[in-house]
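*Asks:* Provided herewith: upload-v2.cif, mmCIF, C-alpha atoms.
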```cif
data_coords
#
loop_
_atom_site.label_atom_id
_atom_site.label_comp_id
_atom_site.auth_asym_id
_atom_site.auth_seq_id
_atom_site.Cartn_x
_atom_site.Cartn_y
_atom_site.Cartn_z
CA ILE A 1005 -22.23 -31.23 112.01
CA THR A 1006 -24.81 -32.87 109.76
CA ARG A 1007 -24.69 -33.18 106.01
CA GLY A 1008 -27.64 -30.83 105.77
CA ALA A 1009 -25.93 -28.17 107.87
CA PHE A 1010 -22.74 -28.50 105.86
CA ALA A 1011 -24.71 -28.00 102.64
CA VAL A 1012 -26.10 -24.74 104.04
CA ILE A 1013 -22.58 -23.54 104.98
CA LEU A 1014 -21.20 -24.23 101.49
CA ASP A 1015 -24.23 -22.64 99.85
CA ARG A 1016 -23.93 -19.48 101.93
CA PHE A 1017 -20.21 -19.31 101.22
CA LEU A 1018 -20.37 -19.79 97.45
CA LYS A 1019 -23.93 -18.49 96.86
CA TYR A 1020 -25.09 -20.92 94.23
CA THR A 1021 -27.89 -19.81 91.91
CA GLY A 1022 -28.87 -22.98 90.03
CA ILE A 1023 -31.11 -25.54 91.72
CA SER A 1024 -32.19 -29.14 91.06
CA ASP A 1025 -35.77 -30.41 91.06
CA ALA A 1026 -37.54 -30.65 94.41
CA GLY A 1027 -37.97 -34.41 94.02
CA THR A 1028 -34.25 -35.11 93.55
CA PHE A 1029 -33.90 -36.55 97.08
CA SER A 1030 -36.59 -38.34 99.02
CA ASP A 1031 -35.47 -37.00 102.42
CA THR A 1032 -35.27 -33.25 101.72
CA PRO A 1033 -38.78 -31.98 100.79
CA GLY A 1034 -40.00 -29.42 103.31
CA THR A 1035 -36.77 -29.41 105.36
CA TRP A 1036 -34.85 -26.29 106.40
CA CYS A 1037 -31.86 -27.21 104.27
CA GLU A 1038 -33.73 -28.35 101.16
CA GLU A 1039 -32.83 -25.44 98.89
CA SER A 1040 -29.14 -25.50 99.80
CA VAL A 1041 -28.94 -29.26 99.23
CA LEU A 1042 -30.64 -28.93 95.84
CA ARG A 1043 -28.30 -26.09 94.84
CA LEU A 1044 -25.25 -28.16 95.73
CA HIS A 1045 -26.69 -31.08 93.80
CA SER A 1046 -27.24 -28.87 90.75
CA ALA A 1047 -23.57 -27.82 90.93
CA GLY A 1048 -22.38 -31.44 91.16
CA VAL A 1049 -21.15 -31.00 94.72
CA MET A 1050 -23.60 -33.10 96.75
CA LEU A 1051 -24.61 -36.30 95.00
CA GLY A 1052 -26.35 -38.25 97.78
CA ASN A 1053 -26.73 -42.00 98.07
CA GLN A 1054 -29.53 -44.13 96.67
CA GLY A 1055 -31.84 -41.18 96.21
CA LYS A 1056 -31.24 -39.70 99.65
CA ALA A 1057 -29.14 -36.71 100.71
CA LEU A 1058 -28.81 -38.13 104.25
CA ILE A 1059 -29.18 -34.62 105.64
CA ARG A 1060 -29.48 -35.76 109.25
CA SER A 1061 -26.34 -37.90 109.23
CA ASP A 1062 -23.07 -36.50 110.54
CA ILE A 1063 -20.77 -35.61 107.67
CA THR A 1064 -17.40 -37.35 107.74
CA ARG A 1065 -14.05 -35.75 107.05
CA GLN A 1066 -13.69 -37.52 103.70
CA GLU A 1067 -17.19 -36.46 102.65
CA ALA A 1068 -16.57 -32.83 103.62
CA VAL A 1069 -13.20 -32.65 101.86
CA THR A 1070 -14.68 -34.24 98.74
CA MET A 1071 -17.52 -31.73 98.64
CA VAL A 1072 -15.19 -28.77 99.16
CA ALA A 1073 -12.92 -29.99 96.35
CA ARG A 1074 -15.88 -30.38 94.02
CA ALA A 1075 -17.21 -26.95 95.00
CA PHE A 1076 -13.91 -25.29 94.08
CA ARG A 1077 -13.43 -27.51 91.00
CA ILE A 1078 -10.21 -29.01 92.28
CA ALA A 1079 -9.42 -32.00 90.11
CA GLU A 1080 -8.74 -35.39 91.63
CA SER A 1081 -5.09 -36.33 92.00
CA PRO A 1082 -3.94 -39.68 90.60
CA ASP A 1083 -1.25 -39.90 93.28
CA ALA A 1084 -1.47 -41.96 96.43
CA SER A 1085 -2.12 -40.07 99.65
CA ALA A 1086 0.78 -39.65 102.06
CA TYR A 1087 -1.47 -40.22 105.08
CA SER A 1088 -0.67 -43.34 107.06
CA ASP A 1089 -4.37 -44.28 107.13
CA ALA A 1090 -4.90 -43.69 103.41
CA ALA A 1091 -6.13 -47.27 102.99
CA SER A 1092 -9.22 -46.29 105.02
CA ILE A 1093 -10.20 -43.55 102.58
CA SER A 1094 -13.14 -44.52 100.37
CA ASP A 1095 -12.49 -44.77 96.64
CA TYR A 1096 -14.77 -41.84 95.78
CA ALA A 1097 -12.75 -39.56 98.07
CA LYS A 1098 -9.16 -40.69 97.51
CA GLY A 1099 -8.32 -38.42 94.57
CA TYR A 1100 -9.91 -35.38 96.19
CA VAL A 1101 -8.24 -35.92 99.57
CA THR A 1102 -4.85 -36.26 97.89
CA ALA A 1103 -5.40 -33.13 95.78
CA MET A 1104 -6.43 -31.08 98.81
CA GLU A 1105 -3.50 -32.49 100.79
CA GLN A 1106 -1.00 -31.65 98.03
CA ALA A 1107 -2.38 -28.11 97.77
CA GLY A 1108 -1.71 -27.57 101.47
CA TYR A 1109 -5.37 -27.15 102.41
CA LEU A 1110 -5.45 -29.99 104.96
CA ARG A 1111 -3.34 -29.04 107.96
CA ASP A 1112 -5.46 -29.94 110.98
CA SER A 1113 -3.74 -33.19 111.99
CA SER A 1114 -1.51 -32.90 115.04
CA ASP A 1115 1.40 -34.69 113.38
CA GLY A 1116 0.30 -34.45 109.76
CA THR A 1117 0.33 -38.20 109.21
CA VAL A 1118 -3.26 -39.24 109.98
CA PHE A 1119 -6.35 -38.10 108.09
CA ARG A 1120 -9.10 -39.95 110.01
CA PRO A 1121 -11.39 -40.16 106.96
CA ARG A 1122 -14.42 -41.66 108.70
CA ASP A 1123 -14.44 -39.37 111.73
CA ALA A 1124 -17.16 -36.74 111.85
CA VAL A 1125 -15.83 -33.36 110.77
CA THR A 1126 -16.19 -30.44 113.18
CA ARG A 1127 -17.12 -26.85 112.45
CA ALA A 1128 -13.63 -25.80 113.53
CA GLU A 1129 -12.06 -28.18 111.02
CA ILE A 1130 -14.26 -26.80 108.25
CA VAL A 1131 -13.26 -23.24 109.13
CA ASN A 1132 -9.61 -24.31 109.15
CA ILE A 1133 -9.89 -25.71 105.61
CA PHE A 1134 -11.47 -22.51 104.31
CA ASN A 1135 -8.84 -20.45 106.13
CA ASN A 1136 -6.07 -22.46 104.43
CA MET A 1137 -7.68 -21.91 101.04
CA ILE A 1138 -8.66 -18.23 101.25
CA SER A 1139 -6.82 -15.29 102.79
CA VAL A 1140 -9.28 -12.47 102.03
CA LEU A 1141 -13.01 -12.60 101.23
CA TYR A 1142 -14.90 -9.73 99.57
CA GLN A 1143 -18.61 -10.14 100.33
CA GLN A 1144 -19.73 -6.65 99.32
CA SER A 1145 -19.69 -5.15 95.86
CA GLY A 1146 -17.46 -2.10 95.57
CA SER A 1147 -13.98 -0.90 94.70
CA TYR A 1148 -10.88 -2.36 96.33
CA ALA A 1149 -7.22 -1.41 95.95
CA ALA A 1150 -5.27 -3.11 98.75
CA SER A 1151 -2.86 -5.83 97.63
CA VAL A 1152 -3.54 -9.32 98.99
CA THR A 1153 -1.00 -11.76 100.35
CA GLY A 1154 -2.46 -15.16 99.55
CA THR A 1155 -5.73 -15.97 97.79
CA LEU A 1156 -8.61 -13.55 97.33
CA MET A 1157 -12.19 -14.73 96.90
CA ILE A 1158 -15.12 -12.60 95.73
CA ASN A 1159 -18.66 -13.77 96.48
CA ALA A 1160 -20.49 -10.43 96.09
CA ALA A 1161 -23.36 -11.09 93.69
CA ASP A 1162 -22.91 -7.80 91.82
CA GLY A 1163 -19.18 -8.28 91.34
CA ALA A 1164 -16.39 -5.91 92.34
CA THR A 1165 -13.73 -3.59 90.95
CA LEU A 1166 -10.10 -4.26 91.84
CA SER A 1167 -7.49 -1.62 91.00
CA ASN A 1168 -3.71 -1.25 91.19
CA MET A 1169 -3.14 -4.32 93.31
CA THR A 1170 -1.21 -7.56 93.41
CA ILE A 1171 -2.69 -10.88 94.53
CA SER A 1172 0.13 -13.23 95.47
CA GLY A 1173 -2.14 -16.30 95.38
CA ASN A 1174 -5.24 -17.14 93.36
CA LEU A 1175 -8.27 -15.02 92.52
CA ILE A 1176 -11.47 -17.01 93.11
CA ILE A 1177 -14.83 -15.77 91.84
CA ALA A 1178 -17.72 -17.61 93.51
CA PRO A 1179 -20.44 -19.21 91.37
CA GLY A 1180 -23.02 -16.81 92.81
CA VAL A 1181 -21.28 -13.76 91.31
CA THR A 1182 -23.27 -12.57 88.29
CA GLY A 1183 -22.03 -8.98 88.05
CA THR A 1184 -18.83 -7.93 86.33
CA VAL A 1185 -15.49 -8.31 88.06
CA THR A 1186 -13.26 -5.52 86.77
CA LEU A 1187 -9.49 -5.78 87.09
CA ASN A 1188 -7.68 -2.47 86.59
CA ASP A 1189 -3.92 -2.99 86.54
CA VAL A 1190 -4.23 -6.09 88.73
CA THR A 1191 -1.52 -8.74 88.86
CA VAL A 1192 -2.65 -12.24 89.86
CA GLN A 1193 0.46 -14.26 90.59
CA GLY A 1194 -1.51 -17.49 90.93
CA SER A 1195 -4.53 -18.50 88.83
CA THR A 1196 -8.00 -17.05 88.32
CA TRP A 1197 -10.78 -19.48 89.21
CA ASN A 1198 -14.10 -18.30 87.81
CA LEU A 1199 -16.45 -20.84 89.39
CA GLY A 1200 -19.53 -19.38 87.74
CA SER A 1201 -20.33 -17.20 84.76
CA ALA A 1202 -19.28 -13.77 86.01
CA PRO A 1203 -17.94 -11.50 83.24
CA ILE A 1204 -14.32 -10.49 83.85
CA GLN A 1205 -13.06 -7.20 82.41
CA VAL A 1206 -9.30 -6.72 82.40
CA ASN A 1207 -7.87 -3.22 81.87
CA HIS A 1208 -4.16 -2.44 81.69
CA THR A 1209 -2.83 1.10 81.55
CA ALA A 1210 -0.43 1.48 78.65
CA VAL A 1211 3.09 2.19 79.84
CA PRO A 1212 4.77 4.91 77.75
CA THR A 1213 7.72 3.61 75.78
CA VAL A 1214 10.96 5.19 76.89
CA PRO A 1215 13.19 5.87 73.87
CA THR A 1216 16.43 4.00 73.90
CA VAL A 1217 19.38 6.30 74.38
CA PRO A 1218 21.41 6.06 71.18
CA THR A 1219 25.02 5.01 71.35
CA ASP A 1220 27.94 5.01 68.96
CA PRO A 1221 31.32 3.23 68.89
CA THR A 1222 33.06 6.18 70.50
CA GLY A 1223 30.80 6.04 73.51
CA GLN A 1224 29.32 9.50 72.83
CA ASN A 1225 25.52 9.59 72.90
CA TYR A 1226 25.13 13.12 71.60
CA ILE A 1227 26.71 15.62 69.27
CA VAL A 1228 26.99 18.98 70.99
CA TYR A 1229 26.34 21.85 68.61
CA GLU A 1230 25.99 25.44 69.81
CA ASN A 1231 25.07 24.24 73.31
CA ARG A 1232 22.51 21.87 71.88
CA LYS A 1233 22.60 18.09 72.20
CA VAL A 1234 21.68 16.27 69.03
CA ALA A 1235 21.04 12.56 69.52
CA ILE A 1236 23.15 10.15 67.53
CA LEU A 1237 20.68 7.86 65.79
CA PRO A 1238 21.45 4.14 65.74
CA ASP A 1239 21.82 2.27 62.45
CA VAL A 1240 22.39 5.47 60.47
CA GLU A 1241 25.70 5.91 58.72
CA ALA A 1242 27.79 8.66 60.28
CA SER A 1243 28.60 11.62 58.06
CA SER A 1244 32.18 12.13 56.97
CA LEU A 1245 31.67 15.90 56.86
CA THR A 1246 33.20 18.26 59.36
CA ALA A 1247 32.57 21.89 60.22
CA ALA A 1248 35.36 22.85 57.81
CA ASP A 1249 33.28 21.54 54.89
CA PHE A 1250 30.61 24.28 55.34
CA ALA A 1251 30.73 28.00 54.55
CA TRP A 1252 28.37 30.91 54.04
CA ASP A 1253 28.22 32.23 50.49
CA GLY A 1254 27.67 35.84 49.41
CA ASN A 1255 23.88 35.40 49.38
CA GLY A 1256 23.73 34.33 53.01
CA ARG A 1257 23.26 30.68 52.23
CA LEU A 1258 25.10 27.87 53.95
CA THR A 1259 26.87 25.77 51.38
CA CYS A 1260 28.85 22.56 51.51
CA THR A 1261 32.30 22.84 49.99
CA SER A 1262 33.02 19.12 50.12
CA PRO A 1263 33.04 17.46 46.67
CA ALA A 1264 31.05 14.53 48.13
CA PHE A 1265 27.86 16.53 48.83
CA THR A 1266 25.96 19.50 47.49
CA THR A 1267 23.18 21.61 48.97
CA ARG A 1268 20.37 23.59 47.42
CA PHE A 1269 18.63 26.56 48.98
CA GLY A 1270 20.65 25.95 52.10
CA ILE A 1271 18.88 22.66 52.85
CA ASP A 1272 20.87 19.48 53.38
CA VAL A 1273 18.97 16.71 51.64
CA SER A 1274 21.44 13.94 52.36
CA ALA A 1275 20.48 10.86 54.32
CA TYR A 1276 23.43 11.28 56.63
CA GLN A 1277 23.47 12.81 60.08
#
```
Render the structure in this file as structure tokens.
*Replies:*
Amino acid sequence: ITRGAFAVILDRFLKYTGISDAGTFSDTPGTWCEESVLRLHSAGVMLGNQGKALIRSDITRQEAVTMVARAFRIAESPDASAYSDAASISDYAKGYVTAMEQAGYLRDSSDGTVFRPRDAVTRAEIVNIFNNMISVLYQQSGSYAASVTGTLMINAADGATLSNMTISGNLIIAPGVTGTVTLNDVTVQGSTWNLGSAPIQVNHTAVPTVPTVPTDPTGQNYIVYENRKVAILPDVEASSLTAADFAWDGNGRLTCTSPAFTTRFGIDVSAYQ
């Protein structure tokens, strides 16, 4: 696959909107891949070499991995690569290859020890990288509610609405998304990568607070009175009164006979329960 063809694949996948000047590269004007190459250049993904995009040259594995990492804004890793042929990786690609390797996105080597940085990448290898990175892709705007195991990517230009779902990996919003991405009661267990400027609206349904069942030292949660359960309130001093401390007077009013408390008009105005 050529560098020009790879630029078209990435552009179609991520749907870039910005574009660099037509004269950025000397070998792209009038070619079939010109717009895609210029979009990738505008996004800092395809930088070229000495004023040329080299669109007709086969793209190597290290070039492809570097461009994918830049496209998804995966930072370079300062660590050394575990590949046995890491010394053959060009300096510009080392940090990106290691980062992609550590993230588990590079799993196309038969024994996992050789990267083959200067070999031409195949279409199958490109598909394998994307498959390792993304589990589900939403290309159409609309409403979705099915939970996703792995990483979900949205590249629908008008955005999407996700509701009542869990995403066990990351949520990736492509740079070409300009509409609002609405998340209604959505749990993203990984990270949210907004690669462009799409507005994100997060809505969470308030969960009603369940009152705490009161307790007291005796283990009784309620006072039963005339077949009614009256909750024992926490942090309120218990009353020392008993049923024997109350009586009805001649006027039909309930009075307290205890010397510690008095009532007026039959209403208990104490702060005790």
*Asks:* Using the chain letters and numbering of this document, enumerate as an mmCIF file with C-alpha atoms, in the coordinates of the input the residues selected by the PyMOL selection byres ((chain A and resi 1076-1078) around 9).
*Replies:*
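After the write, selection.cif holds the following:
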```
data_model
loop_
_atom_site.group_PDB
_atom_site.id
_atom_site.type_symbol
_atom_site.label_atom_id
_atom_site.label_comp_id
_atom_site.auth_asym_id
_atom_site.auth_seq_id
_atom_site.Cartn_x
_atom_site.Cartn_y
_atom_site.Cartn_z
ATOM 1 C CA MET A 1071 -17.520 -31.730 98.640
ATOM 2 C CA VAL A 1072 -15.190 -28.770 99.160
ATOM 3 C CA ALA A 1073 -12.920 -29.990 96.350
ATOM 4 C CA ARG A 1074 -15.880 -30.380 94.020
ATOM 5 C CA ALA A 1075 -17.210 -26.950 95.000
ATOM 6 C CA ALA A 1079 -9.420 -32.000 90.110
ATOM 7 C CA GLU A 1080 -8.740 -35.390 91.630
ATOM 8 C CA SER A 1081 -5.090 -36.330 92.000
ATOM 9 C CA TYR A 1100 -9.910 -35.380 96.190
ATOM 10 C CA ALA A 1103 -5.400 -33.130 95.780
ATOM 11 C CA MET A 1104 -6.430 -31.080 98.810
ATOM 12 C CA ILE A 1176 -11.470 -17.010 93.110
ATOM 13 C CA ALA A 1178 -17.720 -17.610 93.510
ATOM 14 C CA TRP A 1197 -10.780 -19.480 89.210
ATOM 15 C CA LEU A 1199 -16.450 -20.840 89.390
#
```
*Asks:* Kindly give the distance, in Å, that separates atom CA of Thr1170 of chain A and atom CA of Thr1209 of chain A, rounded to a single decimal.
*Replies:* 14.8 Å
*Asks:* When the PyMOL selection byres ((chain A and resi 1030-1044) around 6) is applied to the structure above, which residues does it catch, written out as a PyMOL selection string?
*Replies:* chain A and resi 1008+1011-1012+1015+1022-1024+1029+1045-1047+1049-1050+1056
*Asks:* So the first atom is atom CA of Tyr1087 of chain A and the second is atom CA of Gly1194 of chain A; what is the distance between them in Å, to one decimal place?
*Replies:*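 Computing the Euclidean distance for atom CA of Tyr1087 of chain A and atom CA of Gly1194 of chain A yields 26.8 Å.
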*Asks:* Which residues match the PyMOL selection byres ((chain A and resi 1183-1192) around 12) in the file above, as number ranges by chain?
*Replies:* A: 1142, 1144-1182, 1193-1198, 1200-1211
*Asks:* Using all atoms listed in the file, which of A:Ala1091, A:Ala1068, A:Val1101, A:Ile1059 sits nearest Val1131 of chain A?
*Replies:*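 So, comparing all the options, the nearest one is A:Ala1068.
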*Asks:* What does the distance between atom CA of Ser1092 of chain A and atom CA of Thr1070 of chain A come to in Å, to one decimal place?
*Replies:*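 It comes out at 14.6 Å.
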*Asks:* Please write out, as JSON, where the centre of an axis-aligned box around all listed atoms of segment 1165-1182 of chain A lies and how long its edges are, in Å to one decimal, after adding 5 Å on each side.
*Replies:*
```
{"center_x": -11.6, "center_y": -10.2, "center_z": 91.9, "size_x": 33.4, "size_y": 28.0, "size_z": 17.2}
```
*Asks:* Would you list the residues near (-11.9, -37.7, 110.8) (no more than 6 Å away, in the coordinates of the file, using only C-alpha atoms) as a list in words?
*Replies:*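 The answer, in the requested form, is Arg1065, Arg1120, Pro1121, Arg1122, Asp1123, Ala1124 and Val1125 of chain A.
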*Asks:* Pick the closest to Arg1007 of chain A from A:Ser1088, A:Thr1126, A:Gly1048, A:Val1118: which is it, counting all atoms listed in the file?
*Replies:*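 Ranked by minimum distance to Arg1007 of chain A, first place goes to A:Thr1126.
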*Asks:* Which residues come within 9 Å of Ala1248 of chain A, counting all atoms listed in the file, excluding same-chain residues fewer than 3 positions away, as a PyMOL selection string?
*Replies:* chain A and resi 1245+1251+1261-1262
*Asks:* Restricting the calculation to only C-alpha atoms, which member of A:Phe1119, A:Asp1112, A:Gly1055, A:Asp1249 is positioned closest to Thr1028 of chain A?
*Replies:*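 Closest candidate: A:Gly1055.
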*Asks:* A:Ala1086, A:Leu1018, A:Ile1005, A:Ile1063: which is nearest Thr1117 of chain A, counting all atoms listed in the file?
*Replies:*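 Under the stated criterion, the closest residue is A:Ala1086.
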